[in-house]
>>> print(open('target_4.cif').read())   # mmCIF, C-alpha atoms and all ligand atoms
data_my_file
loop_
_atom_site.label_atom_id
_atom_site.label_comp_id
_atom_site.auth_asym_id
_atom_site.auth_seq_id
_atom_site.Cartn_x
_atom_site.Cartn_y
_atom_site.Cartn_z
CA MET A 1 0.00 0.00 0.00
CA SER A 2 2.88 2.37 -0.56
CA SER A 3 0.93 4.34 -3.14
CA LEU A 4 -1.82 4.82 -0.60
CA THR A 5 0.37 6.55 1.96
CA LYS A 6 1.92 8.71 -0.72
CA HIS A 7 -1.48 9.90 -1.96
CA ASP A 8 -2.66 10.45 1.59
CA ALA A 9 0.20 12.77 2.19
CA VAL A 10 -0.65 14.70 -0.96
CA ARG A 11 -4.24 15.10 0.06
CA SER A 12 -3.69 16.14 3.68
CA ALA A 13 -0.90 18.63 3.11
CA PRO A 14 -0.29 19.74 -0.46
CA ARG A 15 3.30 20.84 -0.90
CA LEU A 16 4.92 22.52 -3.85
CA ALA A 17 7.14 19.52 -4.46
CA ASP A 18 4.09 17.26 -4.63
CA SER A 19 2.07 19.52 -6.86
CA ILE A 20 4.66 19.53 -9.61
CA VAL A 21 5.20 15.79 -9.68
CA LYS A 22 6.78 14.70 -12.95
CA GLN A 23 5.23 11.84 -14.82
CA ARG A 24 6.29 9.56 -17.63
CA LYS A 25 3.87 8.99 -20.48
CA THR A 26 4.13 7.33 -23.85
CA PHE A 27 2.76 8.78 -27.07
CA ARG A 28 2.52 6.44 -30.03
CA TYR A 29 2.43 7.54 -33.66
CA ARG A 30 2.28 5.77 -36.96
CA LEU A 31 5.33 6.06 -39.20
CA TYR A 32 5.08 6.00 -42.99
CA PRO A 33 8.53 5.06 -44.29
CA THR A 34 9.21 4.85 -48.01
CA ALA A 35 10.08 1.38 -49.32
CA LYS A 36 13.75 2.26 -49.12
CA GLN A 37 13.42 3.58 -45.57
CA ALA A 38 11.43 0.50 -44.50
CA ALA A 39 14.25 -1.68 -45.81
CA ALA A 40 16.74 0.44 -43.85
CA LEU A 41 14.62 0.11 -40.71
CA ASP A 42 14.47 -3.66 -41.18
CA GLY A 43 18.24 -3.61 -41.60
CA GLN A 44 18.77 -1.66 -38.38
CA LEU A 45 16.53 -4.07 -36.49
CA SER A 46 18.28 -7.11 -37.83
CA GLU A 47 21.67 -5.61 -36.86
CA ALA A 48 20.35 -4.89 -33.37
CA CYS A 49 19.15 -8.48 -33.21
CA ARG A 50 22.55 -9.76 -34.36
CA LEU A 51 24.26 -7.71 -31.65
CA TYR A 52 21.82 -9.01 -29.05
CA ASN A 53 22.42 -12.63 -30.00
CA ALA A 54 26.20 -12.19 -30.22
CA ALA A 55 26.29 -10.61 -26.77
CA LEU A 56 24.15 -13.43 -25.42
CA GLN A 57 26.52 -15.97 -27.00
CA GLU A 58 29.50 -14.25 -25.36
CA ARG A 59 27.85 -14.35 -21.95
CA ARG A 60 27.02 -18.04 -22.36
CA ASP A 61 30.54 -18.92 -23.47
CA ALA A 62 32.18 -16.90 -20.70
CA TYR A 63 30.07 -18.70 -18.17
CA ARG A 64 30.49 -22.19 -19.62
CA ILE A 65 34.20 -22.02 -20.36
CA LYS A 66 35.55 -19.83 -17.60
CA GLY A 67 32.68 -19.72 -15.12
CA LEU A 68 32.64 -15.94 -15.54
CA SER A 69 29.60 -13.75 -15.33
CA LEU A 70 29.92 -10.78 -17.71
CA SER A 71 28.46 -7.40 -16.88
CA TYR A 72 26.94 -4.75 -19.10
CA TYR A 73 30.17 -2.74 -18.92
CA ASP A 74 32.32 -5.70 -19.93
CA GLN A 75 30.31 -5.86 -23.13
CA ALA A 76 29.71 -2.15 -23.74
CA ASN A 77 33.45 -1.48 -23.55
CA GLN A 78 33.92 -3.59 -26.67
CA LEU A 79 31.43 -1.64 -28.73
CA LYS A 80 33.88 0.98 -29.96
CA GLU A 81 36.25 -1.65 -31.25
CA ILE A 82 33.51 -3.65 -32.94
CA ARG A 83 32.13 -0.56 -34.66
CA ALA A 84 35.59 0.66 -35.70
CA ALA A 85 36.21 -2.69 -37.36
CA GLY A 86 33.00 -2.16 -39.37
CA ASP A 87 31.44 -5.33 -37.97
CA LEU A 88 28.20 -3.76 -36.96
CA GLU A 89 25.86 -1.74 -39.11
CA LEU A 90 23.63 -0.44 -36.35
CA SER A 91 24.21 3.26 -36.90
CA ASN A 92 23.60 4.91 -33.55
CA PHE A 93 26.05 4.23 -30.73
CA SER A 94 23.47 4.78 -27.96
CA CYS A 95 21.16 2.29 -29.66
CA CYS A 96 23.93 -0.32 -29.46
CA GLN A 97 24.33 0.38 -25.75
CA GLU A 98 20.60 0.06 -25.30
CA VAL A 99 20.61 -3.38 -26.96
CA LEU A 100 23.25 -4.53 -24.47
CA ARG A 101 21.26 -3.02 -21.62
CA ARG A 102 18.20 -5.01 -22.73
CA LEU A 103 20.24 -8.19 -22.58
CA ASP A 104 21.61 -7.19 -19.18
CA LYS A 105 18.07 -6.65 -17.97
CA SER A 106 16.94 -10.07 -19.10
CA PHE A 107 19.95 -11.64 -17.34
CA LYS A 108 19.20 -9.76 -14.13
CA ALA A 109 15.57 -10.93 -14.34
CA PHE A 110 16.84 -14.48 -14.91
CA PHE A 111 19.12 -14.38 -11.84
CA ARG A 112 16.29 -12.93 -9.78
CA ARG A 113 14.01 -15.80 -10.82
CA VAL A 114 16.74 -18.31 -9.96
CA LYS A 115 17.10 -16.74 -6.53
CA GLU A 116 13.37 -16.73 -5.90
CA LYS A 117 13.17 -20.32 -7.19
CA LYS A 118 9.93 -19.57 -9.01
CA GLY A 119 9.43 -22.67 -11.13
CA LYS A 120 11.69 -22.86 -14.18
CA ALA A 121 13.91 -19.80 -14.32
CA GLY A 122 14.20 -19.85 -18.14
CA PHE A 123 17.64 -18.85 -19.42
CA PRO A 124 17.63 -15.81 -21.74
CA ARG A 125 17.09 -17.01 -25.30
CA PHE A 126 18.42 -16.18 -28.73
CA ARG A 127 15.97 -14.07 -30.64
CA PRO A 128 14.98 -14.74 -34.24
CA ARG A 129 15.14 -11.70 -36.51
CA SER A 130 11.46 -11.95 -37.23
CA ARG A 131 10.68 -11.43 -33.55
CA TYR A 132 13.14 -8.66 -32.81
CA ASP A 133 10.77 -5.79 -33.45
CA SER A 134 11.91 -2.66 -31.69
CA LEU A 135 14.82 -0.29 -31.48
CA THR A 136 15.21 2.31 -28.74
CA PHE A 137 17.03 5.62 -28.94
CA PRO A 138 17.72 6.15 -25.22
CA SER A 139 18.31 9.87 -25.31
CA TYR A 140 16.24 12.09 -27.56
CA GLY A 141 18.32 14.20 -29.91
CA ASP A 142 21.02 11.56 -30.16
CA GLY A 143 20.40 9.87 -33.52
CA CYS A 144 16.73 10.69 -33.46
CA ARG A 145 14.87 13.98 -33.73
CA LEU A 146 11.41 15.23 -34.61
CA LEU A 147 11.58 17.82 -37.39
CA PRO A 148 9.11 20.69 -37.83
CA THR A 149 8.20 19.16 -41.20
CA ASN A 150 6.37 16.26 -39.52
CA LYS A 151 9.28 13.97 -40.18
CA LEU A 152 11.24 11.89 -37.74
CA LYS A 153 14.94 11.95 -38.45
CA LEU A 154 16.45 8.57 -37.65
CA GLN A 155 20.15 7.88 -37.89
CA GLY A 156 20.87 5.24 -40.49
CA VAL A 157 17.37 5.53 -42.00
CA GLY A 158 16.66 9.12 -42.96
CA GLN A 159 13.70 11.44 -42.53
CA VAL A 160 10.63 9.27 -42.03
CA LYS A 161 7.14 10.67 -42.37
CA VAL A 162 5.27 10.58 -39.07
CA LYS A 163 1.53 11.10 -38.55
CA LEU A 164 1.31 13.32 -35.46
CA HIS A 165 -2.39 12.78 -34.83
CA ARG A 166 -2.06 14.64 -31.55
CA GLU A 167 0.46 16.87 -29.88
CA VAL A 168 3.41 15.33 -28.04
CA ALA A 169 2.78 16.87 -24.61
CA GLY A 170 5.90 17.14 -22.47
CA GLU A 171 9.61 16.75 -22.86
CA ILE A 172 10.63 13.82 -25.06
CA LYS A 173 13.12 11.56 -23.29
CA THR A 174 13.39 8.39 -25.36
CA VAL A 175 12.08 7.18 -28.72
CA THR A 176 11.32 3.57 -29.59
CA VAL A 177 10.71 2.55 -33.19
CA LYS A 178 8.49 -0.51 -33.48
CA ARG A 179 7.54 -2.92 -36.22
CA GLU A 180 4.09 -4.37 -35.78
CA ALA A 181 2.52 -6.65 -38.36
CA GLY A 182 4.23 -4.84 -41.21
CA ARG A 183 3.46 -1.37 -39.87
CA TRP A 184 5.87 1.01 -38.21
CA PHE A 185 5.33 3.12 -35.11
CA ALA A 186 7.30 5.62 -33.06
CA CYS A 187 6.73 5.64 -29.30
CA PHE A 188 7.83 8.81 -27.55
CA SER A 189 8.37 8.48 -23.83
CA VAL A 190 7.89 11.96 -22.39
CA GLU A 191 8.20 13.57 -19.01
CA CYS A 192 5.31 15.85 -18.19
CA GLU A 193 3.67 17.50 -15.22
CA ALA A 194 0.74 15.74 -13.59
CA ALA A 195 -2.60 17.47 -14.11
CA PRO A 196 -4.89 16.74 -11.14
CA LEU A 197 -8.66 16.72 -11.68
CA PRO A 198 -11.00 18.66 -9.39
CA GLU A 199 -11.41 16.79 -6.13
CA SER A 200 -14.18 14.20 -5.88
CA ARG A 201 -15.53 12.63 -2.66
CA GLU A 202 -17.30 9.85 -4.58
CA SER A 203 -16.03 6.35 -3.93
CA VAL A 204 -16.53 3.10 -5.77
CA GLY A 205 -15.68 -0.59 -5.54
CA VAL A 206 -15.01 -2.49 -8.77
CA ASP A 207 -15.49 -6.24 -9.13
CA VAL A 208 -14.06 -8.01 -12.16
CA GLY A 209 -16.74 -10.17 -13.58
CA LEU A 210 -16.80 -13.44 -15.43
CA LYS A 211 -19.88 -12.41 -17.38
CA ALA A 212 -19.86 -8.62 -17.39
CA PHE A 213 -16.46 -6.97 -17.74
CA ALA A 214 -16.87 -5.34 -14.32
CA THR A 215 -19.56 -4.52 -11.80
CA LEU A 216 -19.47 -1.41 -9.61
CA SER A 217 -20.57 -1.09 -6.00
CA ASP A 218 -23.49 1.10 -7.07
CA GLY A 219 -24.75 -1.74 -9.25
CA THR A 220 -23.59 -0.35 -12.58
CA GLU A 221 -22.45 -3.06 -14.96
CA ILE A 222 -19.75 -2.46 -17.51
CA GLU A 223 -20.36 -4.82 -20.39
CA ASN A 224 -17.73 -6.47 -22.50
CA PRO A 225 -17.77 -4.62 -25.81
CA ARG A 226 -19.70 -6.41 -28.53
CA HIS A 227 -17.04 -6.20 -31.18
CA TYR A 228 -14.87 -8.58 -29.12
CA ARG A 229 -16.67 -11.65 -30.39
CA GLY A 230 -16.36 -10.71 -34.04
CA ALA A 231 -12.66 -10.04 -33.63
CA GLN A 232 -12.17 -13.38 -31.87
CA ALA A 233 -13.79 -15.25 -34.77
CA LYS A 234 -11.55 -13.41 -37.22
CA LEU A 235 -8.53 -14.32 -35.12
CA ARG A 236 -9.45 -18.00 -35.16
CA ARG A 237 -9.87 -17.97 -38.93
CA ALA A 238 -6.46 -16.34 -39.37
CA GLN A 239 -4.94 -18.90 -37.01
CA ARG A 240 -6.41 -21.81 -38.98
CA LYS A 241 -5.12 -20.38 -42.23
CA VAL A 242 -1.56 -20.31 -40.88
CA ALA A 243 -1.87 -23.88 -39.65
CA ARG A 244 -2.97 -25.09 -43.12
CA ARG A 245 -0.24 -23.40 -45.12
CA LYS A 246 2.97 -25.22 -45.92
CA ARG A 247 5.94 -24.30 -43.76
CA GLY A 248 8.44 -22.00 -45.39
CA GLY A 249 6.11 -21.12 -48.24
CA SER A 250 5.25 -17.62 -49.31
CA ASN A 251 1.54 -18.26 -48.71
CA ARG A 252 2.31 -19.07 -45.12
CA LYS A 253 4.30 -15.88 -44.80
CA LYS A 254 1.29 -13.92 -45.97
CA ALA A 255 -1.03 -15.83 -43.60
CA VAL A 256 1.34 -15.08 -40.70
CA ARG A 257 1.25 -11.41 -41.60
CA ASP A 258 -2.58 -11.52 -41.58
CA LEU A 259 -2.58 -13.27 -38.20
CA GLN A 260 -0.25 -10.66 -36.73
CA ALA A 261 -2.52 -7.93 -38.05
CA ALA A 262 -5.56 -9.63 -36.50
CA HIS A 263 -3.75 -9.85 -33.16
CA ALA A 264 -2.74 -6.21 -33.35
CA HIS A 265 -6.34 -5.28 -34.09
CA VAL A 266 -7.65 -7.13 -31.03
CA ARG A 267 -4.91 -5.61 -28.90
CA ASN A 268 -5.79 -2.11 -30.07
CA GLN A 269 -9.49 -2.64 -29.47
CA ARG A 270 -8.87 -3.92 -25.98
CA ALA A 271 -6.46 -1.09 -25.12
CA ASP A 272 -8.97 1.43 -26.43
CA PHE A 273 -11.74 -0.07 -24.29
CA HIS A 274 -9.53 -0.09 -21.19
CA HIS A 275 -8.52 3.52 -21.75
CA LYS A 276 -12.17 4.53 -21.96
CA VAL A 277 -13.26 2.56 -18.87
CA SER A 278 -10.35 3.76 -16.74
CA ARG A 279 -10.75 7.37 -17.88
CA TRP A 280 -14.46 7.21 -17.01
CA LEU A 281 -13.80 5.74 -13.55
CA ILE A 282 -11.11 8.32 -12.82
CA CYS A 283 -13.40 11.17 -13.86
CA CYS A 284 -16.36 9.98 -11.79
CA PHE A 285 -14.72 8.81 -8.59
CA GLY A 286 -12.19 10.18 -6.13
CA LEU A 287 -11.55 6.79 -4.58
CA ILE A 288 -11.52 3.50 -6.46
CA ALA A 289 -11.16 0.17 -4.69
CA ILE A 290 -10.19 -2.89 -6.73
CA GLU A 291 -9.07 -6.43 -6.03
CA ASP A 292 -5.35 -7.04 -5.80
CA LEU A 293 -4.97 -10.11 -7.98
CA ASN A 294 -1.28 -10.43 -7.17
CA VAL A 295 -2.07 -11.89 -3.76
CA LYS A 296 -0.63 -15.37 -3.41
CA GLY A 297 -2.83 -18.40 -2.86
CA LEU A 298 -5.96 -17.19 -4.57
CA ALA A 299 -8.94 -19.48 -4.45
CA ALA A 300 -9.82 -21.44 -7.59
CA GLY A 301 -12.60 -19.04 -8.50
CA MET A 302 -10.36 -16.02 -8.20
CA LEU A 303 -7.71 -17.72 -10.26
CA ALA A 304 -10.24 -18.44 -12.99
CA LYS A 305 -11.00 -14.75 -12.93
CA SER A 306 -7.45 -13.58 -13.34
CA VAL A 307 -6.67 -16.18 -15.98
CA ASN A 308 -9.94 -15.70 -17.76
CA ASP A 309 -9.42 -12.05 -18.37
CA ALA A 310 -5.81 -11.31 -19.07
CA GLY A 311 -7.00 -7.80 -19.79
CA TRP A 312 -7.69 -7.07 -16.15
CA SER A 313 -4.07 -6.33 -15.33
CA SER A 314 -3.82 -4.03 -18.33
CA LEU A 315 -6.83 -2.12 -16.99
CA ILE A 316 -5.17 -1.89 -13.56
CA ASP A 317 -2.01 -0.48 -15.19
CA LYS A 318 -4.02 2.20 -16.95
CA LEU A 319 -6.03 2.97 -13.82
CA THR A 320 -2.84 3.25 -11.79
CA TYR A 321 -1.13 5.85 -13.91
CA LYS A 322 -4.31 7.78 -14.62
CA ALA A 323 -5.12 7.89 -10.88
CA GLU A 324 -1.63 9.14 -10.16
CA GLU A 325 -1.91 11.81 -12.81
CA ALA A 326 -5.34 12.98 -11.67
CA GLY A 327 -4.62 12.85 -7.94
CA ARG A 328 -7.13 10.04 -7.31
CA LEU A 329 -6.86 7.23 -4.78
CA LEU A 330 -6.60 3.70 -6.13
CA ILE A 331 -6.75 1.09 -3.38
CA LYS A 332 -5.98 -2.58 -3.91
CA VAL A 333 -7.68 -4.87 -1.42
CA ASP A 334 -7.24 -8.50 -0.47
CA PRO A 335 -9.52 -10.35 -2.94
CA ARG A 336 -10.03 -13.47 -0.83
CA GLY A 337 -13.63 -14.16 0.05
CA THR A 338 -15.07 -10.93 -1.35
CA SER A 339 -17.92 -12.90 -2.90
CA GLN A 340 -18.72 -14.80 0.31
CA ARG A 341 -19.68 -11.95 2.61
CA CYS A 342 -22.77 -9.76 2.89
CA THR A 343 -22.67 -6.00 3.41
CA CYS A 344 -24.18 -6.61 6.86
CA GLY A 345 -21.14 -8.70 7.82
CA ALA A 346 -22.82 -12.10 7.64
CA SER A 347 -21.11 -14.90 5.75
CA VAL A 348 -23.03 -15.95 2.63
CA PRO A 349 -21.16 -18.83 0.99
CA LYS A 350 -21.69 -19.21 -2.76
CA THR A 351 -20.31 -21.55 -5.37
CA LEU A 352 -18.97 -20.10 -8.62
CA SER A 353 -22.18 -20.87 -10.47
CA GLN A 354 -24.42 -19.09 -7.96
CA ARG A 355 -24.99 -15.68 -9.53
CA TRP A 356 -27.40 -14.31 -6.91
CA HIS A 357 -26.79 -13.18 -3.34
CA GLU A 358 -29.48 -13.91 -0.73
CA CYS A 359 -28.64 -12.95 2.86
CA LEU A 360 -30.60 -14.76 5.56
CA SER A 361 -29.55 -12.29 8.27
CA CYS A 362 -30.49 -8.94 6.72
CA GLY A 363 -32.56 -10.04 3.75
CA LEU A 364 -30.35 -8.37 1.13
CA SER A 365 -31.08 -9.84 -2.26
CA ALA A 366 -28.85 -8.63 -5.09
CA GLY A 367 -26.54 -9.75 -7.86
CA ARG A 368 -23.46 -11.61 -6.71
CA ASP A 369 -20.94 -9.28 -8.38
CA HIS A 370 -22.81 -6.23 -7.15
CA VAL A 371 -22.46 -7.36 -3.52
CA SER A 372 -18.81 -8.31 -4.13
CA ALA A 373 -18.12 -4.81 -5.44
CA GLN A 374 -19.65 -3.36 -2.27
CA GLU A 375 -17.47 -5.62 -0.15
CA ILE A 376 -14.42 -4.50 -2.12
CA LEU A 377 -15.32 -0.88 -1.48
CA ARG A 378 -15.88 -1.61 2.23
CA ARG A 379 -12.42 -3.19 2.49
CA GLY A 380 -10.89 -0.25 0.68
CA LEU A 381 -12.53 2.27 2.97
CA ARG A 382 -11.53 0.25 6.01
CA LEU A 383 -7.92 0.47 4.86
CA LEU A 384 -8.40 4.22 4.79
CA GLY A 385 -10.06 4.20 8.21
CA GLU A 386 -13.23 5.79 6.87
CA THR A 387 -16.73 4.61 7.66
CA TRP A 388 -18.88 2.56 5.35
CA PRO A 389 -21.25 4.85 3.46
CA VAL A 390 -24.95 4.08 2.99
CA ALA A 391 -25.15 1.11 0.66
CA ALA A 392 -26.95 1.87 -2.54
CA CYS A 393 -28.38 -1.43 -3.70
CA VAL A 394 -30.53 -0.28 -6.59
CA PRO A 395 -28.84 -1.47 -9.77
CA ASN A 396 -28.14 1.30 -12.26
CA GLU A 397 -28.37 0.84 -15.98
CA ALA A 398 -25.51 -0.82 -17.77
CA VAL A 399 -22.91 1.51 -19.27
CA ALA A 400 -21.67 0.88 -22.74
CA PHE A 401 -18.35 2.12 -24.04
ZN ZN B 501 -26.74 -9.46 5.06
#
>>> encode(input="target_4.cif", output="structure tokens")
Amino acid sequence: MSSLTKHDAVRSAPRLADSIVKQRKTFRYRLYPTAKQAAALDGQLSEACRLYNAALQERRDAYRIKGLSLSYYDQANQLKEIRAAGDLELSNFSCCQEVLRRLDKSFKAFFRRVKEKKGKAGFPRFRPRSRYDSLTFPSYGDGCRLLPTNKLKLQGVGQVKVKLHREVAGEIKTVTVKREAGRWFACFSVECEAAPLPESRESVGVDVGLKAFATLSDGTEIENPRHYRGAQAKLRRAQRKVARRKRGGSNRKKAVRDLQAAHAHVRNQRADFHHKVSRWLICCFGLIAIEDLNVKGLAAGMLAKSVNDAGWSSLIDKLTYKAEEAGRLLIKVDPRGTSQRCTCGASVPKTLSQRWHECLSCGLSAGRDHVSAQEILRRGLRLLGETWPVAACVPNEAVAF
């Protein structure tokens, strides 16, 4: 609950240092390279991939032959020599360093997993060129610059047309160029000042549903968007097509491209939906209580929930940074048993299939997820030491996004 205490401090005694909190945000834009530029971009990526794999090979060999563990600096110190010998065609020096840093990161994560003994630790793997899809310029202005002509100047590629569909708000720190199903994007990571919303005393509990996307403590249901099903069917068709094509053939290549595009489409739709839901929650409520699905030892039902909707964690991510930006409170509560308790405090055990809540002690009769959302809000408020507000049990209409 570290974020909780931090926000509390902000609310009780606003200080200058808190009111100009800097934030990191990412702005993503489509790039339109010419055929020649696209080939150059592909070339830069494949060189970055080659460097990544070579550095991985060196680390493996050093460990196997001499029992040595190489550091980022051991490898970065060789870059100058490699580049001077003309062995590497990745144009920007900082990009090369960033590739080595990525590898270093994956090794650190590997050692951490070994230490924690979390199942199989999974040694860092060689990456095929087809899957090495992004290149980061770690300091803006070094090999990468946005020109007033709506072009992005990239070292080793040229001036690439960029569609700035909205303003880049803030100071650009890093730029990542991405290849996604045959399309190119530039992601600007910027530092900007947080813009708090007017204060709201409204509070809400959010329950992730199996049927509805989420249910709020006031009874509002947020439906899963309808276009999901259509996109899923399309995805399955694309998947089947890949499976039927002969390996290594050009038809398969095309089918793979279509599948990637279908995946990207679903991803975009889901992200769009999550942005809308989280923005709406942040606008309406000053305090939002949700289940913390990272708690260990979740019951089978809870686990089904978290597995069932992989999107939930992506919504939490968006809620988290939007809450921080707007000065809202986001409270994560222990999810265990939220569906088994009535708002009056009585225990009302239910199996997963029981969708209705009937309390024998107080007579409350309401939807299961609705009562769960109220319990989540109660737990959140208890963490804050506030009292439980009057329960509003009349279901509202469903909201559609
Ligand atoms: Zn009750």
>>> atom_distance(input="target_4.cif", atom1="CA of Leu154 (chain A)", atom2="CA of Leu31 (chain A)")
11.5 Å
>>> residues_near_ligand(input="target_4.cif", ligand="ligand ZN 501 (chain B)", cutoff="10 Å", atoms="only C-alpha atoms and all ligand atoms", output="JSON list (two decimals) with C-alpha atoms, in the coordinates of the input")
[["chain", "number", "residue", "atom", "x", "y", "z"],
["A", 341, "ARG", "CA", -19.68, -11.95, 2.61],
["A", 342, "CYS", "CA", -22.77, -9.76, 2.89],
["A", 343, "THR", "CA", -22.67, -6.00, 3.41],
["A", 344, "CYS", "CA", -24.18, -6.61, 6.86],
["A", 345, "GLY", "CA", -21.14, -8.70, 7.82],
["A", 346, "ALA", "CA", -22.82, -12.10, 7.64],
["A", 347, "SER", "CA", -21.11, -14.90, 5.75],
["A", 348, "VAL", "CA", -23.03, -15.95, 2.63],
["A", 357, "HIS", "CA", -26.79, -13.18, -3.34],
["A", 358, "GLU", "CA", -29.48, -13.91, -0.73],
["A", 359, "CYS", "CA", -28.64, -12.95, 2.86],
["A", 360, "LEU", "CA", -30.60, -14.76, 5.56],
["A", 361, "SER", "CA", -29.55, -12.29, 8.27],
["A", 362, "CYS", "CA", -30.49, -8.94, 6.72],
["A", 363, "GLY", "CA", -32.56, -10.04, 3.75],
["A", 364, "LEU", "CA", -30.35, -8.37, 1.13],
["A", 365, "SER", "CA", -31.08, -9.84, -2.26],
["A", 371, "VAL", "CA", -22.46, -7.36, -3.52]]
>>> closest_residue(input="target_4.cif", among="A:Thr34, A:Gln155, A:Ser278, A:Ser71", to="Lys105 (chain A)", atoms="all atoms listed in the file")
A:Ser71
>>> residues_near_point(input="target_4.cif", point="(26.2, -22.0, -25.2)", cutoff="12 Å", atoms="all atoms listed in the file", output="MDAnalysis selection string")
chainID A and resid 53:65 123:126
>>> closest_residue(input="target_4.cif", among="A:Pro335, A:Gly219, A:Gly158, A:Pro349", to="Gln374 (chain A)", atoms="only C-alpha atoms")
A:Gly219
>>> closest_residue(input="target_4.cif", among="A:Arg30, A:Phe213, A:Gly367, A:Gln239", to="His165 (chain A)", atoms="all atoms listed in the file")
A:Arg30
>>> closest_residue(input="target_4.cif", among="A:Arg355, A:Leu377, A:Pro138, A:Ala238", to="Ala212 (chain A)", atoms="all atoms listed in the file")
A:Arg355
>>> axis_aligned_box(input="target_4.cif", around="region 283-293 of chain A", padding_each_side="4 Å", output="JSON")
{"center_x": -10.7, "center_y": 0.5, "center_z": -9.2, "size_x": 19.4, "size_y": 29.3, "size_z": 17.3}
>>> closest_residue(input="target_4.cif", among="A:Ser200, A:Gln37, A:Ser69, A:Thr26", to="Thr176 (chain A)", atoms="only C-alpha atoms")
A:Thr26
>>> atom_distance(input="target_4.cif", atom1="CA of Ser217 (chain A)", atom2="CA of Ile288 (chain A)")
10.2 Å
>>> build_atoms(input="target_4.cif", residues="region 73-87 of chain A", atoms="N, CA and C atoms", output="CSV table (one decimal), in the frame of the given file")
chain,number,residue,atom,x,y,z
A,73,TYR,N,29.0,-3.5,-18.6
A,73,TYR,CA,30.2,-2.7,-18.9
A,73,TYR,C,31.2,-3.6,-19.6
A,74,ASP,N,31.4,-4.8,-19.2
A,74,ASP,CA,32.3,-5.7,-19.9
A,74,ASP,C,32.0,-5.7,-21.4
A,75,GLN,N,30.7,-5.7,-21.7
A,75,GLN,CA,30.3,-5.9,-23.1
A,75,GLN,C,30.3,-4.5,-23.8
A,76,ALA,N,29.8,-3.5,-23.1
A,76,ALA,CA,29.7,-2.2,-23.7
A,76,ALA,C,31.1,-1.6,-24.1
A,77,ASN,N,32.1,-2.0,-23.3
A,77,ASN,CA,33.4,-1.5,-23.6
A,77,ASN,C,34.0,-2.0,-24.9
A,78,GLN,N,33.4,-3.0,-25.4
A,78,GLN,CA,33.9,-3.6,-26.7
A,78,GLN,C,33.3,-2.9,-27.9
A,79,LEU,N,32.2,-2.2,-27.6
A,79,LEU,CA,31.4,-1.6,-28.7
A,79,LEU,C,32.3,-0.8,-29.7
A,80,LYS,N,33.1,0.1,-29.1
A,80,LYS,CA,33.9,1.0,-30.0
A,80,LYS,C,34.7,0.2,-31.0
A,81,GLU,N,35.4,-0.8,-30.4
A,81,GLU,CA,36.2,-1.6,-31.2
A,81,GLU,C,35.5,-2.4,-32.4
A,82,ILE,N,34.3,-2.9,-32.0
A,82,ILE,CA,33.5,-3.6,-32.9
A,82,ILE,C,33.1,-2.7,-34.1
A,83,ARG,N,32.6,-1.5,-33.7
A,83,ARG,CA,32.1,-0.6,-34.7
A,83,ARG,C,33.3,0.0,-35.5
A,84,ALA,N,34.4,0.2,-34.9
A,84,ALA,CA,35.6,0.7,-35.7
A,84,ALA,C,36.0,-0.4,-36.8
A,85,ALA,N,35.8,-1.6,-36.4
A,85,ALA,CA,36.2,-2.7,-37.4
A,85,ALA,C,35.2,-2.9,-38.5
A,86,GLY,N,34.1,-2.1,-38.4
A,86,GLY,CA,33.0,-2.2,-39.4
A,86,GLY,C,32.2,-3.4,-39.3
A,87,ASP,N,32.1,-4.1,-38.1
A,87,ASP,CA,31.4,-5.3,-38.0
A,87,ASP,C,30.0,-5.2,-37.6
